[in-house]
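Asks: Here it is: the structure, laid out below.
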Amino acid sequence: MQPLFEVADVLRKIGSKIENYGLNTWQLRTLSAIKKCRTAELGGHIDACDSCGNLSISYNSCRNRHCPKCQGKNREDWIAKRETELLPVPYFHVVFTLPEAINSLAMHQSKIVYDTLFEASWETLQQFGNPKKCKWE
């Protein structure tokens, strides 16, 4: 079942106002590619059936790794491969989040912010994962 709206529909609705959101050039290029994906803007080709002669137009994809149209199948294949690597043990999903006030900094100084986040996350996991260091009582 096809969704009623796609990410590209939202991006087309926003139009040029997207530049007012403080995104960096890499983010703007990515969103532009997603907006143009499988449209006449990226060109296309004609597919012809050798048996019945039916013709259909297929538009080219953006091939961006963040595009939900282009990478959906690849993502599913990747997940299936990772599932075969799982050990038969319980797993815990842990999420570390940043305060909203840091979002702008994370966009413009991502290396510093994420290096710090991963360092703090690792220290936290080590602390909770070591029962000798962790005082539960």
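In the structure tokens, chains take letters A, B, ... by order of appearance, with residues numbered from 1 within each chain and ligands from 1 in the order shown.
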Find the spatial neighbours of region 97-105 of chain A, counting only C-alpha atoms, within a cut-off of 12 Å - ignore same-chain residues fewer than 2 positions away - and output them as a PyMOL selection string.

Replies: chain A and resi 21-24+94-95+107-114+116-118+120-121

Asks: How would the residues just picked look written out with N, CA, C and O atoms as a compact mmCIF listing (two decimals), in the first residue's frame?

Replies:
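What ended up in out-v3.txt:
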# COMPACT_ATOMS: atom_id res chain seq x y z
N TYR A 21 15.72 27.33 7.55
CA TYR A 21 15.76 26.46 8.72
C TYR A 21 17.17 26.28 9.29
O TYR A 21 17.37 25.49 10.21
N GLY A 22 18.16 26.95 8.74
CA GLY A 22 19.51 26.88 9.27
C GLY A 22 20.24 25.58 8.99
O GLY A 22 21.12 25.18 9.75
N LEU A 23 19.89 24.92 7.90
CA LEU A 23 20.55 23.67 7.54
C LEU A 23 21.88 23.96 6.85
O LEU A 23 22.05 24.99 6.20
N ASN A 24 22.82 23.03 6.95
CA ASN A 24 24.09 23.22 6.27
C ASN A 24 23.97 22.78 4.80
O ASN A 24 22.94 22.23 4.39
N VAL A 94 19.36 0.83 24.28
CA VAL A 94 19.60 2.00 25.12
C VAL A 94 19.68 3.23 24.21
O VAL A 94 20.35 3.19 23.17
N VAL A 95 19.00 4.29 24.58
CA VAL A 95 18.99 5.52 23.79
C VAL A 95 19.54 6.66 24.63
O VAL A 95 19.12 6.86 25.77
N MET A 107 24.23 20.55 14.67
CA MET A 107 24.19 20.71 13.22
C MET A 107 25.45 21.35 12.68
O MET A 107 25.93 20.97 11.62
N HIS A 108 25.99 22.30 13.42
CA HIS A 108 27.12 23.08 12.90
C HIS A 108 28.48 22.60 13.43
O HIS A 108 29.49 22.87 12.78
N GLN A 109 28.50 21.93 14.55
CA GLN A 109 29.74 21.40 15.12
C GLN A 109 29.53 19.92 15.48
O GLN A 109 29.77 19.50 16.60
N SER A 110 29.09 19.15 14.49
CA SER A 110 28.65 17.78 14.76
C SER A 110 29.77 16.90 15.33
O SER A 110 29.53 16.10 16.22
N LYS A 111 30.99 17.03 14.85
CA LYS A 111 32.06 16.16 15.34
C LYS A 111 32.28 16.34 16.84
O LYS A 111 32.36 15.36 17.58
N ILE A 112 32.37 17.58 17.27
CA ILE A 112 32.60 17.85 18.70
C ILE A 112 31.44 17.32 19.54
O ILE A 112 31.63 16.64 20.54
N VAL A 113 30.22 17.63 19.11
CA VAL A 113 29.05 17.23 19.88
C VAL A 113 28.92 15.71 19.95
O VAL A 113 28.74 15.14 21.03
N TYR A 114 29.06 15.04 18.81
CA TYR A 114 28.87 13.59 18.81
C TYR A 114 30.04 12.85 19.46
O TYR A 114 29.84 11.82 20.11
N THR A 116 31.65 13.96 21.99
CA THR A 116 31.37 14.13 23.43
C THR A 116 30.22 13.23 23.87
O THR A 116 30.28 12.59 24.93
N LEU A 117 29.16 13.16 23.05
CA LEU A 117 28.02 12.30 23.37
C LEU A 117 28.44 10.83 23.47
O LEU A 117 28.09 10.13 24.42
N PHE A 118 29.23 10.36 22.51
CA PHE A 118 29.65 8.96 22.52
C PHE A 118 30.58 8.65 23.69
O PHE A 118 30.51 7.58 24.28
N ALA A 120 30.57 10.21 26.64
CA ALA A 120 29.72 10.18 27.84
C ALA A 120 28.85 8.92 27.87
O ALA A 120 28.66 8.31 28.93
N SER A 121 28.34 8.51 26.72
CA SER A 121 27.52 7.30 26.65
C SER A 121 28.33 6.08 27.04
O SER A 121 27.87 5.22 27.79

Asks: Need the shell around region 67-80 of chain A: protein/DNA/RNA residues with any atom at most 12 Å away, counting only C-alpha atoms. Skip same-chain ones fewer than 3 positions apart. Format as a list in words?

Replies: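 Using only C-alpha atoms, the neighbours found are Gln2, Pro3, Glu6, Val7, Ala8, Arg29, Thr30, Leu31, Ser32, Ala33, Ile34, Lys35, Lys36, Cys37, Arg38, Thr39, Asn60, Ser61, Cys62, Arg63, Asn64, Glu83, Thr84, Glu85 and Leu86 of chain A.
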
Asks: Which polymer residues have any atom within 6 Å of an atom of region 45-48 of chain A, counting only C-alpha atoms, with same-chain residues fewer than 6 positions away left out, as a PyMOL selection string?

Replies: chain A and resi 54-58

Asks: Measure the distance from CA of Phe92 (chain A) to CA of Lys132 (chain A) in Å and round it to one decimal.

Replies: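 One can read the CA of Phe92 (chain A) to CA of Lys132 (chain A) distance as 20.2 Å.
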
Asks: According to DSSP computed on the backbone, where in chain A is there alpha helix (DSSP H)? Give the residues as a PyMOL selection string.

Replies: chain A and resi 7-14+25-36+68-84+103-108+110-129

Asks: I need the residues in region 12-48 of chain A that are strand (DSSP E or B) according to DSSP; give them as a PyMOL selection string.

Replies: chain A and resi 44-48

Asks: Would you save the residues from that selection as a PDB file, in the first residue's frame, using all heavy atoms?

Replies:
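The resulting selection.pdb:
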ATOM      1  N   GLY A  44      14.990  10.406 -17.254  1.00  0.00           N
ATOM      2  CA  GLY A  44      14.370   9.091 -17.203  1.00  0.00           C
ATOM      3  C   GLY A  44      14.682   8.291 -18.439  1.00  0.00           C
ATOM      4  O   GLY A  44      15.531   8.670 -19.254  1.00  0.00           O
ATOM      5  N   HIS A  45      13.975   7.210 -18.593  1.00  0.00           N
ATOM      6  CA  HIS A  45      14.159   6.348 -19.757  1.00  0.00           C
ATOM      7  C   HIS A  45      12.844   5.628 -20.042  1.00  0.00           C
ATOM      8  O   HIS A  45      11.951   5.578 -19.202  1.00  0.00           O
ATOM      9  CB  HIS A  45      15.295   5.357 -19.515  1.00  0.00           C
ATOM     10  CG  HIS A  45      15.209   4.633 -18.210  1.00  0.00           C
ATOM     11  ND1 HIS A  45      15.636   5.175 -17.034  1.00  0.00           N
ATOM     12  CD2 HIS A  45      14.694   3.421 -17.897  1.00  0.00           C
ATOM     13  CE1 HIS A  45      15.422   4.326 -16.042  1.00  0.00           C
ATOM     14  NE2 HIS A  45      14.843   3.256 -16.540  1.00  0.00           N
ATOM     15  N   ILE A  46      12.764   5.106 -21.237  1.00  0.00           N
ATOM     16  CA  ILE A  46      11.556   4.398 -21.656  1.00  0.00           C
ATOM     17  C   ILE A  46      11.834   2.902 -21.572  1.00  0.00           C
ATOM     18  O   ILE A  46      12.831   2.408 -22.104  1.00  0.00           O
ATOM     19  CB  ILE A  46      11.148   4.792 -23.087  1.00  0.00           C
ATOM     20  CG1 ILE A  46      10.823   6.283 -23.123  1.00  0.00           C
ATOM     21  CG2 ILE A  46       9.977   3.954 -23.562  1.00  0.00           C
ATOM     22  CD1 ILE A  46      10.545   6.808 -24.513  1.00  0.00           C
ATOM     23  N   ASP A  47      10.952   2.204 -20.899  1.00  0.00           N
ATOM     24  CA  ASP A  47      11.039   0.748 -20.816  1.00  0.00           C
ATOM     25  C   ASP A  47      10.036   0.174 -21.805  1.00  0.00           C
ATOM     26  O   ASP A  47       8.872   0.583 -21.841  1.00  0.00           O
ATOM     27  CB  ASP A  47      10.687   0.264 -19.406  1.00  0.00           C
ATOM     28  CG  ASP A  47      11.659   0.795 -18.362  1.00  0.00           C
ATOM     29  OD1 ASP A  47      12.871   0.764 -18.626  1.00  0.00           O
ATOM     30  OD2 ASP A  47      11.194   1.233 -17.291  1.00  0.00           O
ATOM     31  N   ALA A  48      10.504  -0.788 -22.613  1.00  0.00           N
ATOM     32  CA  ALA A  48       9.629  -1.414 -23.605  1.00  0.00           C
ATOM     33  C   ALA A  48       9.621  -2.921 -23.390  1.00  0.00           C
ATOM     34  O   ALA A  48      10.675  -3.539 -23.230  1.00  0.00           O
ATOM     35  CB  ALA A  48      10.108  -1.085 -25.013  1.00  0.00           C
TER      36      ALA A  48
END

Asks: Could you check how far CA of Asp115 (chain A) sits from CA of Phe96 (chain A), in Å to one decimal?

Replies: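 Between CA of Asp115 (chain A) and CA of Phe96 (chain A) the gap works out to 13.0 Å.
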
Asks: Just the number, please: distance in Å from CA of Pro131 (chain A) to CA of Pro90 (chain A), one decimal.

Replies: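 Interatomic distance here is 17.9 Å.
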